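To be precise, the following lines are protein29.cif, and they hold mmCIF, N, CA and C atoms and all ligand atoms.
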data_run
loop_
_atom_site.label_atom_id
_atom_site.label_comp_id
_atom_site.auth_asym_id
_atom_site.auth_seq_id
_atom_site.Cartn_x
_atom_site.Cartn_y
_atom_site.Cartn_z
N ILE A 1 70.53 11.52 82.41
CA ILE A 1 69.73 10.46 81.76
C ILE A 1 68.67 11.14 80.88
N GLU A 2 68.43 10.55 79.73
CA GLU A 2 67.59 11.19 78.71
C GLU A 2 66.50 10.22 78.28
N ARG A 3 65.40 10.78 77.75
CA ARG A 3 64.31 9.97 77.22
C ARG A 3 64.13 10.23 75.73
N THR A 4 63.74 9.20 75.00
CA THR A 4 63.36 9.39 73.61
C THR A 4 62.08 8.61 73.34
N PHE A 5 61.41 8.97 72.25
CA PHE A 5 60.16 8.33 71.87
C PHE A 5 60.40 7.46 70.64
N SER A 6 59.84 6.27 70.65
CA SER A 6 60.07 5.28 69.60
C SER A 6 58.75 4.70 69.12
N ILE A 7 58.66 4.43 67.82
CA ILE A 7 57.51 3.70 67.25
C ILE A 7 58.03 2.50 66.46
N ILE A 8 57.43 1.33 66.71
CA ILE A 8 57.58 0.20 65.78
C ILE A 8 56.43 0.33 64.80
N LYS A 9 56.78 0.62 63.53
CA LYS A 9 55.80 0.98 62.51
C LYS A 9 55.04 -0.26 61.99
N PRO A 10 53.93 -0.04 61.25
CA PRO A 10 53.07 -1.17 60.86
C PRO A 10 53.79 -2.30 60.10
N ASN A 11 54.76 -1.97 59.26
CA ASN A 11 55.40 -3.06 58.51
C ASN A 11 56.20 -3.98 59.42
N ALA A 12 56.81 -3.41 60.46
CA ALA A 12 57.62 -4.23 61.37
C ALA A 12 56.73 -5.05 62.31
N VAL A 13 55.59 -4.48 62.73
CA VAL A 13 54.63 -5.26 63.52
C VAL A 13 54.11 -6.42 62.66
N ALA A 14 53.80 -6.14 61.39
CA ALA A 14 53.23 -7.17 60.49
C ALA A 14 54.20 -8.32 60.26
N LYS A 15 55.52 -8.05 60.35
CA LYS A 15 56.47 -9.14 60.13
C LYS A 15 56.92 -9.79 61.43
N ASN A 16 56.15 -9.59 62.51
CA ASN A 16 56.42 -10.25 63.80
C ASN A 16 57.79 -9.90 64.35
N ALA A 17 58.16 -8.62 64.24
CA ALA A 17 59.48 -8.19 64.70
C ALA A 17 59.44 -7.41 66.01
N ILE A 18 58.29 -7.36 66.69
CA ILE A 18 58.22 -6.57 67.93
C ILE A 18 59.25 -7.08 68.93
N GLY A 19 59.25 -8.38 69.18
CA GLY A 19 60.16 -8.94 70.19
C GLY A 19 61.62 -8.74 69.83
N ALA A 20 61.94 -8.95 68.55
CA ALA A 20 63.33 -8.77 68.11
C ALA A 20 63.78 -7.33 68.31
N ILE A 21 62.90 -6.39 68.01
CA ILE A 21 63.27 -4.97 68.14
C ILE A 21 63.37 -4.60 69.62
N TYR A 22 62.46 -5.09 70.45
CA TYR A 22 62.59 -4.84 71.90
C TYR A 22 63.91 -5.41 72.43
N SER A 23 64.29 -6.58 71.95
CA SER A 23 65.58 -7.16 72.37
C SER A 23 66.75 -6.25 72.00
N ARG A 24 66.67 -5.65 70.83
CA ARG A 24 67.74 -4.74 70.40
C ARG A 24 67.79 -3.51 71.28
N PHE A 25 66.61 -2.97 71.65
CA PHE A 25 66.59 -1.82 72.57
C PHE A 25 67.26 -2.19 73.89
N GLU A 26 66.89 -3.35 74.42
CA GLU A 26 67.41 -3.75 75.74
C GLU A 26 68.90 -4.08 75.65
N ALA A 27 69.31 -4.73 74.58
CA ALA A 27 70.74 -5.06 74.42
C ALA A 27 71.58 -3.79 74.29
N ALA A 28 70.98 -2.74 73.75
CA ALA A 28 71.70 -1.46 73.61
C ALA A 28 71.70 -0.66 74.91
N GLY A 29 71.06 -1.20 75.94
CA GLY A 29 71.12 -0.56 77.25
C GLY A 29 69.98 0.39 77.57
N PHE A 30 68.97 0.44 76.68
CA PHE A 30 67.82 1.29 76.97
C PHE A 30 66.90 0.61 77.98
N LYS A 31 66.28 1.41 78.84
CA LYS A 31 65.17 0.96 79.68
C LYS A 31 63.89 1.33 78.95
N ILE A 32 62.95 0.38 78.81
CA ILE A 32 61.64 0.65 78.24
C ILE A 32 60.76 1.06 79.41
N ILE A 33 60.43 2.37 79.49
CA ILE A 33 59.74 2.88 80.68
C ILE A 33 58.25 3.18 80.43
N ALA A 34 57.78 2.95 79.17
CA ALA A 34 56.36 3.04 78.84
C ALA A 34 56.18 2.32 77.51
N ALA A 35 55.02 1.68 77.31
CA ALA A 35 54.78 0.94 76.07
C ALA A 35 53.30 0.67 75.87
N LYS A 36 52.86 0.74 74.60
CA LYS A 36 51.50 0.27 74.27
C LYS A 36 51.35 0.06 72.77
N MET A 37 50.36 -0.77 72.40
CA MET A 37 50.02 -0.99 70.99
C MET A 37 48.78 -0.18 70.67
N LEU A 38 48.77 0.42 69.48
CA LEU A 38 47.57 1.12 69.03
C LEU A 38 47.48 1.12 67.52
N HIS A 39 46.28 1.43 67.04
CA HIS A 39 46.06 1.56 65.60
C HIS A 39 45.64 3.00 65.37
N LEU A 40 46.52 3.80 64.77
CA LEU A 40 46.28 5.24 64.64
C LEU A 40 45.11 5.54 63.71
N SER A 41 44.33 6.53 64.05
CA SER A 41 43.37 7.13 63.12
C SER A 41 44.15 8.06 62.18
N ARG A 42 43.53 8.45 61.06
CA ARG A 42 44.20 9.42 60.17
C ARG A 42 44.47 10.72 60.91
N GLU A 43 43.52 11.14 61.72
CA GLU A 43 43.69 12.39 62.47
C GLU A 43 44.89 12.31 63.43
N GLN A 44 45.03 11.19 64.11
CA GLN A 44 46.18 11.03 65.02
C GLN A 44 47.51 11.03 64.25
N ALA A 45 47.54 10.33 63.11
CA ALA A 45 48.78 10.26 62.33
C ALA A 45 49.13 11.63 61.74
N GLU A 46 48.12 12.34 61.24
CA GLU A 46 48.36 13.68 60.69
C GLU A 46 48.87 14.63 61.78
N GLY A 47 48.32 14.51 62.97
CA GLY A 47 48.77 15.35 64.08
C GLY A 47 50.20 15.04 64.47
N PHE A 48 50.52 13.76 64.53
CA PHE A 48 51.88 13.37 64.92
C PHE A 48 52.91 13.88 63.91
N TYR A 49 52.58 13.80 62.63
CA TYR A 49 53.52 14.20 61.57
C TYR A 49 53.22 15.60 61.01
N ALA A 50 52.59 16.46 61.80
CA ALA A 50 52.17 17.79 61.33
C ALA A 50 53.31 18.58 60.70
N GLU A 51 54.54 18.40 61.22
CA GLU A 51 55.68 19.16 60.68
C GLU A 51 55.96 18.81 59.21
N HIS A 52 55.46 17.65 58.75
CA HIS A 52 55.71 17.21 57.37
C HIS A 52 54.52 17.46 56.45
N LYS A 53 53.51 18.23 56.89
CA LYS A 53 52.26 18.21 56.11
C LYS A 53 52.36 18.82 54.72
N GLU A 54 53.35 19.65 54.48
CA GLU A 54 53.53 20.20 53.12
C GLU A 54 54.45 19.33 52.25
N ARG A 55 54.98 18.27 52.80
CA ARG A 55 55.95 17.45 52.04
C ARG A 55 55.22 16.52 51.07
N PRO A 56 55.85 16.20 49.93
CA PRO A 56 55.16 15.38 48.92
C PRO A 56 54.84 13.96 49.41
N PHE A 57 55.58 13.47 50.39
CA PHE A 57 55.36 12.10 50.86
C PHE A 57 54.32 12.02 51.98
N PHE A 58 53.74 13.16 52.39
CA PHE A 58 52.90 13.19 53.60
C PHE A 58 51.71 12.24 53.51
N ASN A 59 50.98 12.27 52.39
CA ASN A 59 49.78 11.44 52.29
C ASN A 59 50.13 9.95 52.35
N ASP A 60 51.19 9.55 51.64
CA ASP A 60 51.62 8.14 51.69
C ASP A 60 52.06 7.75 53.10
N LEU A 61 52.72 8.68 53.78
CA LEU A 61 53.19 8.41 55.14
C LEU A 61 52.01 8.17 56.07
N VAL A 62 50.98 9.02 55.98
CA VAL A 62 49.81 8.88 56.85
C VAL A 62 49.05 7.59 56.51
N THR A 63 48.92 7.30 55.22
CA THR A 63 48.24 6.05 54.82
C THR A 63 48.98 4.84 55.37
N PHE A 64 50.31 4.86 55.24
CA PHE A 64 51.11 3.75 55.78
C PHE A 64 50.98 3.65 57.29
N MET A 65 51.09 4.76 58.00
CA MET A 65 51.10 4.72 59.47
C MET A 65 49.74 4.30 60.05
N THR A 66 48.67 4.40 59.22
CA THR A 66 47.34 3.97 59.68
C THR A 66 46.97 2.60 59.11
N SER A 67 47.91 1.93 58.43
CA SER A 67 47.60 0.68 57.72
C SER A 67 47.50 -0.52 58.65
N GLY A 68 47.93 -0.40 59.88
CA GLY A 68 47.88 -1.52 60.81
C GLY A 68 48.38 -1.06 62.16
N PRO A 69 48.39 -1.97 63.14
CA PRO A 69 48.82 -1.58 64.49
C PRO A 69 50.29 -1.18 64.54
N ILE A 70 50.57 -0.30 65.49
CA ILE A 70 51.94 0.11 65.80
C ILE A 70 52.18 -0.14 67.29
N VAL A 71 53.45 -0.11 67.69
CA VAL A 71 53.78 -0.17 69.11
C VAL A 71 54.61 1.08 69.42
N VAL A 72 54.18 1.80 70.45
CA VAL A 72 54.89 3.04 70.84
C VAL A 72 55.53 2.82 72.20
N GLN A 73 56.73 3.39 72.39
CA GLN A 73 57.42 3.24 73.66
C GLN A 73 58.30 4.44 73.95
N VAL A 74 58.58 4.58 75.25
CA VAL A 74 59.53 5.58 75.72
C VAL A 74 60.78 4.82 76.17
N LEU A 75 61.92 5.24 75.64
CA LEU A 75 63.20 4.61 75.97
C LEU A 75 64.02 5.60 76.79
N GLU A 76 64.64 5.09 77.84
CA GLU A 76 65.45 5.94 78.71
C GLU A 76 66.88 5.43 78.74
N GLY A 77 67.84 6.35 78.71
CA GLY A 77 69.25 5.97 78.80
C GLY A 77 70.13 7.19 78.59
N GLU A 78 71.43 7.02 78.77
CA GLU A 78 72.38 8.10 78.51
C GLU A 78 72.31 8.46 77.03
N ASN A 79 72.19 9.75 76.72
CA ASN A 79 72.24 10.19 75.32
C ASN A 79 71.23 9.44 74.44
N ALA A 80 70.03 9.20 75.01
CA ALA A 80 69.07 8.29 74.39
C ALA A 80 68.65 8.72 72.98
N VAL A 81 68.44 10.02 72.75
CA VAL A 81 67.95 10.46 71.45
C VAL A 81 68.94 10.06 70.35
N LEU A 82 70.19 10.43 70.52
CA LEU A 82 71.19 10.15 69.48
C LEU A 82 71.53 8.67 69.38
N ARG A 83 71.63 7.99 70.53
CA ARG A 83 71.95 6.56 70.47
C ARG A 83 70.83 5.78 69.80
N HIS A 84 69.58 6.19 70.03
CA HIS A 84 68.47 5.51 69.38
C HIS A 84 68.46 5.78 67.88
N ARG A 85 68.78 7.02 67.47
CA ARG A 85 68.88 7.32 66.03
C ARG A 85 69.97 6.44 65.38
N ASP A 86 71.08 6.26 66.08
CA ASP A 86 72.15 5.40 65.54
C ASP A 86 71.68 3.95 65.40
N LEU A 87 70.96 3.48 66.41
CA LEU A 87 70.45 2.10 66.36
C LEU A 87 69.48 1.92 65.20
N MET A 88 68.67 2.97 64.89
CA MET A 88 67.69 2.88 63.79
C MET A 88 68.35 2.86 62.43
N GLY A 89 69.38 3.66 62.23
CA GLY A 89 69.99 3.80 60.90
C GLY A 89 69.31 4.89 60.09
N ALA A 90 69.79 5.10 58.87
CA ALA A 90 69.34 6.20 58.03
C ALA A 90 67.86 6.08 57.69
N THR A 91 67.21 7.24 57.51
CA THR A 91 65.78 7.30 57.17
C THR A 91 65.49 6.50 55.90
N ASN A 92 66.31 6.72 54.87
CA ASN A 92 66.19 5.92 53.64
C ASN A 92 66.94 4.61 53.86
N PRO A 93 66.22 3.50 53.93
CA PRO A 93 66.89 2.23 54.28
C PRO A 93 67.98 1.85 53.30
N ALA A 94 67.94 2.39 52.09
CA ALA A 94 69.03 2.13 51.13
C ALA A 94 70.37 2.63 51.67
N ASN A 95 70.30 3.61 52.56
CA ASN A 95 71.52 4.18 53.15
C ASN A 95 71.79 3.70 54.57
N ALA A 96 70.95 2.80 55.08
CA ALA A 96 71.10 2.36 56.48
C ALA A 96 72.26 1.37 56.60
N LEU A 97 73.13 1.62 57.57
CA LEU A 97 74.30 0.75 57.78
C LEU A 97 73.86 -0.65 58.21
N ALA A 98 74.65 -1.64 57.84
CA ALA A 98 74.41 -3.02 58.27
C ALA A 98 74.31 -3.07 59.79
N GLY A 99 73.38 -3.86 60.28
CA GLY A 99 73.22 -4.01 61.72
C GLY A 99 72.26 -3.02 62.35
N THR A 100 71.80 -2.03 61.59
CA THR A 100 70.81 -1.09 62.13
C THR A 100 69.40 -1.68 61.96
N LEU A 101 68.46 -1.15 62.72
CA LEU A 101 67.08 -1.67 62.66
C LEU A 101 66.48 -1.48 61.27
N ARG A 102 66.76 -0.34 60.64
CA ARG A 102 66.18 -0.13 59.30
C ARG A 102 66.83 -1.03 58.26
N ALA A 103 68.12 -1.30 58.38
CA ALA A 103 68.75 -2.25 57.45
C ALA A 103 68.07 -3.61 57.58
N ASP A 104 67.69 -3.98 58.79
CA ASP A 104 67.14 -5.32 59.02
C ASP A 104 65.64 -5.43 58.79
N TYR A 105 64.87 -4.35 59.03
CA TYR A 105 63.41 -4.48 59.04
C TYR A 105 62.66 -3.54 58.11
N ALA A 106 63.32 -2.58 57.46
CA ALA A 106 62.61 -1.67 56.56
C ALA A 106 62.25 -2.37 55.26
N ASP A 107 61.12 -1.94 54.66
CA ASP A 107 60.72 -2.42 53.34
C ASP A 107 60.84 -1.36 52.27
N SER A 108 60.81 -0.09 52.67
CA SER A 108 60.90 1.02 51.71
C SER A 108 61.19 2.30 52.49
N PHE A 109 61.37 3.40 51.77
CA PHE A 109 61.60 4.70 52.40
C PHE A 109 60.44 5.04 53.33
N THR A 110 59.21 4.81 52.88
CA THR A 110 58.04 5.08 53.73
C THR A 110 57.92 4.03 54.83
N ALA A 111 57.97 2.77 54.43
CA ALA A 111 57.80 1.66 55.40
C ALA A 111 59.16 1.30 55.99
N ASN A 112 59.70 2.25 56.77
CA ASN A 112 61.07 2.08 57.24
C ASN A 112 61.17 1.60 58.69
N ALA A 113 60.14 0.87 59.12
CA ALA A 113 60.18 0.00 60.31
C ALA A 113 60.07 0.69 61.67
N VAL A 114 60.78 1.81 61.84
CA VAL A 114 60.84 2.44 63.16
C VAL A 114 60.87 3.96 63.04
N HIS A 115 60.42 4.59 64.10
CA HIS A 115 60.54 6.04 64.27
C HIS A 115 61.33 6.31 65.53
N GLY A 116 62.10 7.38 65.53
CA GLY A 116 62.73 7.86 66.75
C GLY A 116 62.80 9.37 66.76
N SER A 117 62.58 9.97 67.90
CA SER A 117 62.66 11.43 68.02
C SER A 117 64.02 11.92 67.55
N ASP A 118 64.02 13.15 66.98
CA ASP A 118 65.27 13.68 66.43
C ASP A 118 65.95 14.70 67.35
N ALA A 119 65.35 15.01 68.51
CA ALA A 119 65.94 15.96 69.46
C ALA A 119 65.25 15.78 70.81
N VAL A 120 65.88 16.28 71.85
CA VAL A 120 65.29 16.17 73.19
C VAL A 120 63.93 16.88 73.24
N GLU A 121 63.83 18.04 72.55
CA GLU A 121 62.58 18.81 72.57
C GLU A 121 61.47 18.05 71.85
N SER A 122 61.77 17.47 70.67
CA SER A 122 60.73 16.70 69.97
C SER A 122 60.39 15.45 70.75
N ALA A 123 61.34 14.85 71.45
CA ALA A 123 61.05 13.67 72.28
C ALA A 123 60.00 14.01 73.33
N ALA A 124 60.17 15.14 74.01
CA ALA A 124 59.21 15.53 75.06
C ALA A 124 57.82 15.73 74.46
N ARG A 125 57.76 16.39 73.29
CA ARG A 125 56.47 16.62 72.63
C ARG A 125 55.83 15.30 72.19
N GLU A 126 56.62 14.42 71.59
CA GLU A 126 56.08 13.15 71.08
C GLU A 126 55.66 12.23 72.21
N ILE A 127 56.43 12.19 73.31
CA ILE A 127 56.03 11.38 74.47
C ILE A 127 54.68 11.86 74.98
N ALA A 128 54.51 13.17 75.09
CA ALA A 128 53.26 13.73 75.61
C ALA A 128 52.09 13.50 74.65
N TYR A 129 52.39 13.34 73.36
CA TYR A 129 51.34 13.09 72.36
C TYR A 129 50.71 11.72 72.59
N PHE A 130 51.50 10.75 73.06
CA PHE A 130 51.01 9.37 73.20
C PHE A 130 50.84 8.87 74.62
N PHE A 131 51.50 9.48 75.58
CA PHE A 131 51.45 8.95 76.95
C PHE A 131 51.07 10.02 77.96
N ALA A 132 50.15 9.64 78.86
CA ALA A 132 49.89 10.46 80.05
C ALA A 132 51.03 10.22 81.05
N ASP A 133 51.24 11.18 81.93
CA ASP A 133 52.33 11.06 82.92
C ASP A 133 52.23 9.75 83.70
N ASP A 134 51.01 9.33 84.06
CA ASP A 134 50.88 8.12 84.89
C ASP A 134 51.00 6.82 84.10
N GLU A 135 51.30 6.92 82.80
CA GLU A 135 51.58 5.71 82.00
C GLU A 135 53.08 5.49 81.82
N ILE A 136 53.88 6.39 82.39
CA ILE A 136 55.35 6.29 82.27
C ILE A 136 55.90 5.84 83.62
N CYS A 137 56.67 4.74 83.61
CA CYS A 137 57.11 4.15 84.88
C CYS A 137 58.53 4.58 85.25
P1 LIG A 201 61.12 9.26 61.76
O1 LIG A 201 60.61 10.67 62.01
O2 LIG A 201 60.03 8.29 61.29
O3 LIG A 201 61.98 8.71 62.85
P2 LIG A 201 63.24 10.40 60.28
O4 LIG A 201 63.29 11.42 61.37
O5 LIG A 201 64.47 9.61 59.98
O6 LIG A 201 62.11 9.33 60.53
P3 LIG A 201 61.73 12.34 58.76
O7 LIG A 201 62.42 13.28 57.85
O8 LIG A 201 61.23 12.83 60.09
O9 LIG A 201 62.70 11.07 58.96
O10 LIG A 201 60.53 11.69 57.97
C1 LIG A 201 59.48 11.02 58.65
C2 LIG A 201 59.12 9.77 57.91
O11 LIG A 201 58.57 10.13 56.64
C3 LIG A 201 60.29 8.85 57.57
O12 LIG A 201 60.62 7.97 58.61
C4 LIG A 201 59.75 8.11 56.37
O13 LIG A 201 58.86 7.07 56.79
C5 LIG A 201 58.94 9.17 55.66
N1 LIG A 201 59.73 9.87 54.64
C6 LIG A 201 60.62 10.86 54.83
N2 LIG A 201 61.17 11.27 53.69
C7 LIG A 201 60.60 10.51 52.73
C8 LIG A 201 60.74 10.42 51.31
N3 LIG A 201 61.58 11.23 50.65
N4 LIG A 201 60.00 9.51 50.67
C9 LIG A 201 59.14 8.70 51.33
N5 LIG A 201 58.96 8.72 52.66
C10 LIG A 201 59.68 9.61 53.35
MG MG A 202 61.65 12.48 62.05
#

Taking this structure as input, can you express it in the form of structure tokens?
Amino acid sequence: IERTFSIIKPNAVAKNAIGAIYSRFEAAGFKIIAAKMLHLSREQAEGFYAEHKERPFFNDLVTFMTSGPIVVQVLEGENAVLRHRDLMGATNPANALAGTLRADYADSFTANAVHGSDAVESAAREIAYFFADDEIC
């Protein structure tokens, strides 16, 4: 059994899609084992996306991620990292397959509705960035 880290990004929260996205997680067989809403500071967003800090889109990404509340969660299931990436769809929503979360809820490449860890190692790091051990059930 594997864990992955997920974010419902500000554009998806703003369009009242939290419940719909949680339903998709549960229908796909994930257990939601930790969850909370927060509004990131610039410092928190820059720290979370530190691997991208030299990329041309970094400033827009941080501005977007701090533009409103987000919901963060830990999802547990078989092969959770890859299955969650499949459920999200391609990073660029123009390439996201029909039926994926980004096809349904993204507004742009930056405002692409959801985040998911890209490997088991990054999942562990990202979970620890947002959750204390006693916040995971
Ligand atoms: P995430 O990490 O959010 O799950 P990802 O792993 O599919 O997405 P990354 O390459 O890690 O994609 O990029 C992180 C985020 O930065 C993307 O989700 C997107 O919001 C933004 N981003 C990435 N590439 C671009 C780009 N070329 N133009 C604009 N925004 C981008
Ligand atoms: Mg990524």

Residues near Lys36 in chain A, cut-off 6.5 Å, all atoms listed in the file, skip fewer than 6 positions along chain, as a list of chain:residue names: A:Ile70, A:Val71, A:Val72, A:Gln73

Distance criterion (only C-alpha atoms): nearest to Asn92 in chain A out of A:Cys137, A:Ala12, A:Ala80, A:Ala113: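 Smallest separation from Asn92 in chain A among the options: A:Ala113.
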
Protein and nucleic residues near ligand MG 202 (chain A), 9 Å, only C-alpha atoms and all ligand atoms, as a list in words: Tyr49, His52, Thr91, His115, Gly116, Ser117 and Asp118 of chain A

Å distance separating atom N of Pro69 in chain A from CA of Leu40 in chain A, one decimal place: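 CA of Leu40 in chain A lies 7.7 Å from atom N of Pro69 in chain A.
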
I'd like to know which residues of chain A are alpha helix (DSSP H) (by DSSP, run on the backbone); could you write them as a compact mmCIF listing (two decimals) with N, CA and C atoms, in the frame of the given file?
# COMPACT_ATOMS: atom_id res chain seq x y z
N PRO A 10 53.93 -0.04 61.25
CA PRO A 10 53.07 -1.17 60.86
C PRO A 10 53.79 -2.30 60.10
N ASN A 11 54.76 -1.97 59.26
CA ASN A 11 55.40 -3.06 58.51
C ASN A 11 56.20 -3.98 59.42
N ALA A 12 56.81 -3.41 60.46
CA ALA A 12 57.62 -4.23 61.37
C ALA A 12 56.73 -5.05 62.31
N VAL A 13 55.59 -4.48 62.73
CA VAL A 13 54.63 -5.26 63.52
C VAL A 13 54.11 -6.42 62.66
N ALA A 14 53.80 -6.14 61.39
CA ALA A 14 53.23 -7.17 60.49
C ALA A 14 54.20 -8.32 60.26
N ILE A 18 58.29 -7.36 66.69
CA ILE A 18 58.22 -6.57 67.93
C ILE A 18 59.25 -7.08 68.93
N GLY A 19 59.25 -8.38 69.18
CA GLY A 19 60.16 -8.94 70.19
C GLY A 19 61.62 -8.74 69.83
N ALA A 20 61.94 -8.95 68.55
CA ALA A 20 63.33 -8.77 68.11
C ALA A 20 63.78 -7.33 68.31
N ILE A 21 62.90 -6.39 68.01
CA ILE A 21 63.27 -4.97 68.14
C ILE A 21 63.37 -4.60 69.62
N TYR A 22 62.46 -5.09 70.45
CA TYR A 22 62.59 -4.84 71.90
C TYR A 22 63.91 -5.41 72.43
N SER A 23 64.29 -6.58 71.95
CA SER A 23 65.58 -7.16 72.37
C SER A 23 66.75 -6.25 72.00
N ARG A 24 66.67 -5.65 70.83
CA ARG A 24 67.74 -4.74 70.40
C ARG A 24 67.79 -3.51 71.28
N PHE A 25 66.61 -2.97 71.65
CA PHE A 25 66.59 -1.82 72.57
C PHE A 25 67.26 -2.19 73.89
N GLU A 26 66.89 -3.35 74.42
CA GLU A 26 67.41 -3.75 75.74
C GLU A 26 68.90 -4.08 75.65
N ALA A 27 69.31 -4.73 74.58
CA ALA A 27 70.74 -5.06 74.42
C ALA A 27 71.58 -3.79 74.29
N ARG A 42 43.53 8.45 61.06
CA ARG A 42 44.20 9.42 60.17
C ARG A 42 44.47 10.72 60.91
N GLU A 43 43.52 11.14 61.72
CA GLU A 43 43.69 12.39 62.47
C GLU A 43 44.89 12.31 63.43
N GLN A 44 45.03 11.19 64.11
CA GLN A 44 46.18 11.03 65.02
C GLN A 44 47.51 11.03 64.25
N ALA A 45 47.54 10.33 63.11
CA ALA A 45 48.78 10.26 62.33
C ALA A 45 49.13 11.63 61.74
N GLU A 46 48.12 12.34 61.24
CA GLU A 46 48.36 13.68 60.69
C GLU A 46 48.87 14.63 61.78
N GLY A 47 48.32 14.51 62.97
CA GLY A 47 48.77 15.35 64.08
C GLY A 47 50.20 15.04 64.47
N PHE A 48 50.52 13.76 64.53
CA PHE A 48 51.88 13.37 64.92
C PHE A 48 52.91 13.88 63.91
N PHE A 58 53.74 13.16 52.39
CA PHE A 58 52.90 13.19 53.60
C PHE A 58 51.71 12.24 53.51
N ASN A 59 50.98 12.27 52.39
CA ASN A 59 49.78 11.44 52.29
C ASN A 59 50.13 9.95 52.35
N ASP A 60 51.19 9.55 51.64
CA ASP A 60 51.62 8.14 51.69
C ASP A 60 52.06 7.75 53.10
N LEU A 61 52.72 8.68 53.78
CA LEU A 61 53.19 8.41 55.14
C LEU A 61 52.01 8.17 56.07
N VAL A 62 50.98 9.02 55.98
CA VAL A 62 49.81 8.88 56.85
C VAL A 62 49.05 7.59 56.51
N THR A 63 48.92 7.30 55.22
CA THR A 63 48.24 6.05 54.82
C THR A 63 48.98 4.84 55.37
N PHE A 64 50.31 4.86 55.24
CA PHE A 64 51.11 3.75 55.78
C PHE A 64 50.98 3.65 57.29
N MET A 65 51.09 4.76 58.00
CA MET A 65 51.10 4.72 59.47
C MET A 65 49.74 4.30 60.05
N ALA A 80 70.03 9.20 75.01
CA ALA A 80 69.07 8.29 74.39
C ALA A 80 68.65 8.72 72.98
N VAL A 81 68.44 10.02 72.75
CA VAL A 81 67.95 10.46 71.45
C VAL A 81 68.94 10.06 70.35
N LEU A 82 70.19 10.43 70.52
CA LEU A 82 71.19 10.15 69.48
C LEU A 82 71.53 8.67 69.38
N ARG A 83 71.63 7.99 70.53
CA ARG A 83 71.95 6.56 70.47
C ARG A 83 70.83 5.78 69.80
N HIS A 84 69.58 6.19 70.03
CA HIS A 84 68.47 5.51 69.38
C HIS A 84 68.46 5.78 67.88
N ARG A 85 68.78 7.02 67.47
CA ARG A 85 68.88 7.32 66.03
C ARG A 85 69.97 6.44 65.38
N ASP A 86 71.08 6.26 66.08
CA ASP A 86 72.15 5.40 65.54
C ASP A 86 71.68 3.95 65.40
N LEU A 87 70.96 3.48 66.41
CA LEU A 87 70.45 2.10 66.36
C LEU A 87 69.48 1.92 65.20
N MET A 88 68.67 2.97 64.89
CA MET A 88 67.69 2.88 63.79
C MET A 88 68.35 2.86 62.43
N LEU A 101 68.46 -1.15 62.72
CA LEU A 101 67.08 -1.67 62.66
C LEU A 101 66.48 -1.48 61.27
N ARG A 102 66.76 -0.34 60.64
CA ARG A 102 66.18 -0.13 59.30
C ARG A 102 66.83 -1.03 58.26
N ALA A 103 68.12 -1.30 58.38
CA ALA A 103 68.75 -2.25 57.45
C ALA A 103 68.07 -3.61 57.58
N ASP A 104 67.69 -3.98 58.79
CA ASP A 104 67.14 -5.32 59.02
C ASP A 104 65.64 -5.43 58.79
N TYR A 105 64.87 -4.35 59.03
CA TYR A 105 63.41 -4.48 59.04
C TYR A 105 62.66 -3.54 58.11
N VAL A 120 65.88 16.28 71.85
CA VAL A 120 65.29 16.17 73.19
C VAL A 120 63.93 16.88 73.24
N GLU A 121 63.83 18.04 72.55
CA GLU A 121 62.58 18.81 72.57
C GLU A 121 61.47 18.05 71.85
N SER A 122 61.77 17.47 70.67
CA SER A 122 60.73 16.70 69.97
C SER A 122 60.39 15.45 70.75
N ALA A 123 61.34 14.85 71.45
CA ALA A 123 61.05 13.67 72.28
C ALA A 123 60.00 14.01 73.33
N ALA A 124 60.17 15.14 74.01
CA ALA A 124 59.21 15.53 75.06
C ALA A 124 57.82 15.73 74.46
N ARG A 125 57.76 16.39 73.29
CA ARG A 125 56.47 16.62 72.63
C ARG A 125 55.83 15.30 72.19
N GLU A 126 56.62 14.42 71.59
CA GLU A 126 56.08 13.15 71.08
C GLU A 126 55.66 12.23 72.21
N ILE A 127 56.43 12.19 73.31
CA ILE A 127 56.03 11.38 74.47
C ILE A 127 54.68 11.86 74.98
N ALA A 128 54.51 13.17 75.09
CA ALA A 128 53.26 13.73 75.61
C ALA A 128 52.09 13.50 74.65
N TYR A 129 52.39 13.34 73.36
CA TYR A 129 51.34 13.09 72.36
C TYR A 129 50.71 11.72 72.59
N PHE A 130 51.50 10.75 73.06
CA PHE A 130 51.01 9.37 73.20
C PHE A 130 50.84 8.87 74.62

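The strand (DSSP E) portion of chain A consists of Glu2, Arg3, Thr4, Phe5, Ser6, Ile7, Ile8, Lys31, Ile32, Ile33, Ala34, Ala35, Lys36, Met37, Leu38, Ile70, Val71, Val72, Gln73, Val74, Leu75, Glu76, Gly77, Val114, His115 and Gly116 of chain A, with states taken from DSSP on the backbone.
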
Surrounding residues as a PyMOL selection string, ligand LIG 201 (chain A), max 9 Å, only C-alpha atoms and all ligand atoms: chain A and resi 6-7+9+49+51-52+55-58+60-62+64-65+85+88-92+108-118

Between CA of Arg3 in chain A and CA of Glu76 in chain A - distance in Å to one decimal: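 Those two atoms sit 4.4 Å apart.
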
Between atom N of Ala103 in chain A and atom C of Ile136 in chain A, distance in Å (one decimal):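 Atom-to-atom, atom N of Ala103 in chain A to atom C of Ile136 in chain A, that is 28.9 Å.
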